[in-house]
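**Student:** Below is a structure I'd like to ask you about.
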Amino acid sequence: AQSVSQHNHHVILSEAASLELGCNYSYGGTVNLFWYVQYPGQHLQLLLKYFSGDPLVKGIKGFEAEFIKSKFSFNLRKPSVQWSDTAEYFCAVQSYNTDKLIFGTGTRLQVFP
Amino acid sequence: NAGVTQTPKFQVLKTGQSMTLQCAQDMNHEYMSWYRQDPGMGLRLIHYSVGAGITDQGEVPNGYNVSRSTTEDFPLRLLSAAPSQTSVYFCASSYGQGTPHSPNTEAFFGQGTRLTVV
């Protein structure tokens, strides 16, 4: 069965600091990988996705993520965070076989000016 | 283009009552799903459907029923509400199975239904 682990539950940063959020998944087959963001009081929005090809994918708002197959990881990065990045971030994995999209428990990011 | 529409936005139920959360999408997506979001637990998949007439269980299906009679609609039924079902419920839809040849599998989410069972 698919599962996703996000080890950072709550991250607090100052503006301009660099960000890296960890995501590891468990599944033996081929997967698609996603990062979603949920701003306070809003629904989830896609930040970036990986299907195949270049393991370094770039998303909106300066975010990027790197797929490392050998480590079953898909960590999210941003070189310089802004106050407006305060949100909850979810990693998700979708298997080719089942279509199910399974989410991690989320990481709450707070950025202070 | 409305995207994914959920109704109601807020609901309070008494223990034992039944209700249906509505979800409709106008993007002709094959794949639809229901999640519940609870603090510290992220989003957990309740039920999903890969097309009209086809449904399957997710991670936490107990206490919930679904049906998919049309491509557009995917209602979630609570037969006998319990306080443990207090949560925020999200409906999502996408084109379907993800492969490199069909990259439009981004899931679009509704605005959510905040349900309280007392």
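Lettering and numbering for the structure tokens are positional, with chains as A, B, ... in the shown order, residues counted from 1 in each chain, and ligands counted from 1 in the shown order.
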Give me, as a VMD selection string, the residues of chain A that a backbone DSSP run labels strand (DSSP E or B).

**Tutor:** chain A and resid 3 to 5 10 to 14 19 to 21 24 to 26 31 to 38 45 to 50 56 to 58 64 to 68 73 to 78 87 to 95 101 to 103 107 to 112

**Student:** What's the 10 Å shell around segment 70-84 of chain A, counting only C-alpha atoms, without same-chain residues fewer than 5 positions away, as a ChimeraX atom specification?

**Tutor:** /A:4-6,13-28,33-35,39,47-50,55-59,61-65,89-93,109-113

**Student:** I need the residue nearest Ala92 of chain B from this list: A:Arg108, A:Ser52, A:Leu44, A:Glu88. Use only C-alpha atoms for the distance.

**Tutor:** A:Leu44

**Student:** Near chain B, which residues of chain A fall within 9 Å when you count only C-alpha atoms, and what do they look like as a list in words?

**Tutor:**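 Applying the cut-off to the listed atoms yields His9, Val31, Asn32, Phe34, Gln42, His43, Leu44, Gln45, Leu46, Lys49, Phe51, Ser52, Gly53, Phe90, Gln94, Ser95, Tyr96, Asn97, Thr98, Asp99, Lys100, Leu101, Ile102, Phe103, Gly104, Thr105, Gly106 and Thr107 of chain A.
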
**Student:** For Pro75 of chain B, list every protein, DNA or RNA residue within 8 Å, evaluated using only C-alpha atoms, and leave out those in the same chain fewer than 5 positions away; present the list as a ChimeraX atom specification.

**Tutor:** /B:20-23,66-68

**Student:** Do a neighbour search on Gly51 of chain B at 7 Å with only C-alpha atoms, toss out local chain neighbours closer than 3 positions, and write the hits as a list of chain:residue names.

**Tutor:**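 These residues fall inside the cut-off: B:Glu30, B:Tyr31, B:Ile54, B:Thr71.
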
**Student:** Between atom CA of Val118 of chain B and atom CA of Phe74 of chain B, what is the distance, to one decimal in Å?

**Tutor:**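 About the pair atom CA of Val118 of chain B and atom CA of Phe74 of chain B: they are 25.4 Å apart.
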
**Student:** DSSP on the backbone, then: every residue of chain A marked helix (DSSP H, G or I), written as a PyMOL selection string.

**Tutor:** chain A and resi 60-62+69-71+83-85

**Student:** Can you tell me, as a list in words, what residues are no more than 12 Å from segment 82-84 of chain B when counting only C-alpha atoms, ignoring any on the same chain fewer than 4 positions away?

**Tutor:**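 The contact residues come out as Val12, Leu13, Lys14, Thr15, Gly16, Gln17, Ser18, Met19, Arg36, Asp38, Val60, Asn62, Gly63, Tyr64, Leu78, Val88, Leu115, Thr116, Val117 and Val118 of chain B.
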
**Student:** Please produce a file of those selected residues containing N, CA and C atoms, as a PDB file, in the first residue's frame.

**Tutor:**
ATOM      1  N   VAL B  12     -23.944  21.336  10.893  1.00  0.00           N
ATOM      2  CA  VAL B  12     -23.926  20.776  12.241  1.00  0.00           C
ATOM      3  C   VAL B  12     -24.977  19.670  12.287  1.00  0.00           C
ATOM      4  N   LEU B  13     -24.572  18.508  12.743  1.00  0.00           N
ATOM      5  CA  LEU B  13     -25.481  17.364  12.847  1.00  0.00           C
ATOM      6  C   LEU B  13     -25.528  16.862  14.275  1.00  0.00           C
ATOM      7  N   LYS B  14     -26.632  16.245  14.602  1.00  0.00           N
ATOM      8  CA  LYS B  14     -26.706  15.531  15.869  1.00  0.00           C
ATOM      9  C   LYS B  14     -26.283  14.089  15.640  1.00  0.00           C
ATOM     10  N   THR B  15     -25.734  13.493  16.674  1.00  0.00           N
ATOM     11  CA  THR B  15     -25.329  12.083  16.588  1.00  0.00           C
ATOM     12  C   THR B  15     -26.511  11.240  16.121  1.00  0.00           C
ATOM     13  N   GLY B  16     -26.231  10.396  15.124  1.00  0.00           N
ATOM     14  CA  GLY B  16     -27.275   9.517  14.619  1.00  0.00           C
ATOM     15  C   GLY B  16     -28.000  10.035  13.387  1.00  0.00           C
ATOM     16  N   GLN B  17     -27.885  11.320  13.119  1.00  0.00           N
ATOM     17  CA  GLN B  17     -28.527  11.865  11.935  1.00  0.00           C
ATOM     18  C   GLN B  17     -27.763  11.444  10.680  1.00  0.00           C
ATOM     19  N   SER B  18     -28.479  11.477   9.570  1.00  0.00           N
ATOM     20  CA  SER B  18     -27.829  11.184   8.295  1.00  0.00           C
ATOM     21  C   SER B  18     -27.812  12.439   7.435  1.00  0.00           C
ATOM     22  N   MET B  19     -26.873  12.478   6.515  1.00  0.00           N
ATOM     23  CA  MET B  19     -26.858  13.590   5.566  1.00  0.00           C
ATOM     24  C   MET B  19     -25.968  13.233   4.381  1.00  0.00           C
ATOM     25  N   ARG B  36     -11.038  13.510   4.153  1.00  0.00           N
ATOM     26  CA  ARG B  36     -11.301  14.266   5.369  1.00  0.00           C
ATOM     27  C   ARG B  36      -9.977  14.799   5.896  1.00  0.00           C
ATOM     28  N   ASP B  38      -8.081  16.314   9.179  1.00  0.00           N
ATOM     29  CA  ASP B  38      -8.096  16.459  10.631  1.00  0.00           C
ATOM     30  C   ASP B  38      -6.734  16.954  11.095  1.00  0.00           C
ATOM     31  N   VAL B  60     -10.023   5.386   4.957  1.00  0.00           N
ATOM     32  CA  VAL B  60     -10.940   5.470   6.101  1.00  0.00           C
ATOM     33  C   VAL B  60     -12.385   5.439   5.632  1.00  0.00           C
ATOM     34  N   ASN B  62     -15.077   3.591   6.654  1.00  0.00           N
ATOM     35  CA  ASN B  62     -16.162   3.180   7.542  1.00  0.00           C
ATOM     36  C   ASN B  62     -17.041   4.354   7.948  1.00  0.00           C
ATOM     37  N   GLY B  63     -18.350   4.138   7.844  1.00  0.00           N
ATOM     38  CA  GLY B  63     -19.316   5.162   8.210  1.00  0.00           C
ATOM     39  C   GLY B  63     -19.732   6.053   7.054  1.00  0.00           C
ATOM     40  N   TYR B  64     -19.176   5.805   5.890  1.00  0.00           N
ATOM     41  CA  TYR B  64     -19.459   6.625   4.712  1.00  0.00           C
ATOM     42  C   TYR B  64     -19.838   5.735   3.525  1.00  0.00           C
ATOM     43  N   LEU B  78     -23.332  10.158   4.919  1.00  0.00           N
ATOM     44  CA  LEU B  78     -23.113   9.709   6.283  1.00  0.00           C
ATOM     45  C   LEU B  78     -24.424   9.103   6.749  1.00  0.00           C
ATOM     46  N   VAL B  88     -13.204  18.394   8.395  1.00  0.00           N
ATOM     47  CA  VAL B  88     -13.402  19.165   7.169  1.00  0.00           C
ATOM     48  C   VAL B  88     -13.272  18.187   6.006  1.00  0.00           C
ATOM     49  N   LEU B 115     -17.863  20.000   8.878  1.00  0.00           N
ATOM     50  CA  LEU B 115     -18.945  19.256   9.520  1.00  0.00           C
ATOM     51  C   LEU B 115     -18.656  19.084  11.000  1.00  0.00           C
ATOM     52  N   THR B 116     -19.649  19.410  11.805  1.00  0.00           N
ATOM     53  CA  THR B 116     -19.553  19.195  13.246  1.00  0.00           C
ATOM     54  C   THR B 116     -20.686  18.274  13.656  1.00  0.00           C
ATOM     55  N   VAL B 117     -20.334  17.204  14.367  1.00  0.00           N
ATOM     56  CA  VAL B 117     -21.337  16.276  14.876  1.00  0.00           C
ATOM     57  C   VAL B 117     -21.349  16.385  16.400  1.00  0.00           C
ATOM     58  N   VAL B 118     -22.516  16.737  16.925  1.00  0.00           N
ATOM     59  CA  VAL B 118     -22.613  16.956  18.378  1.00  0.00           C
ATOM     60  C   VAL B 118     -23.412  15.841  19.040  1.00  0.00           C
TER      61      VAL B 118
END
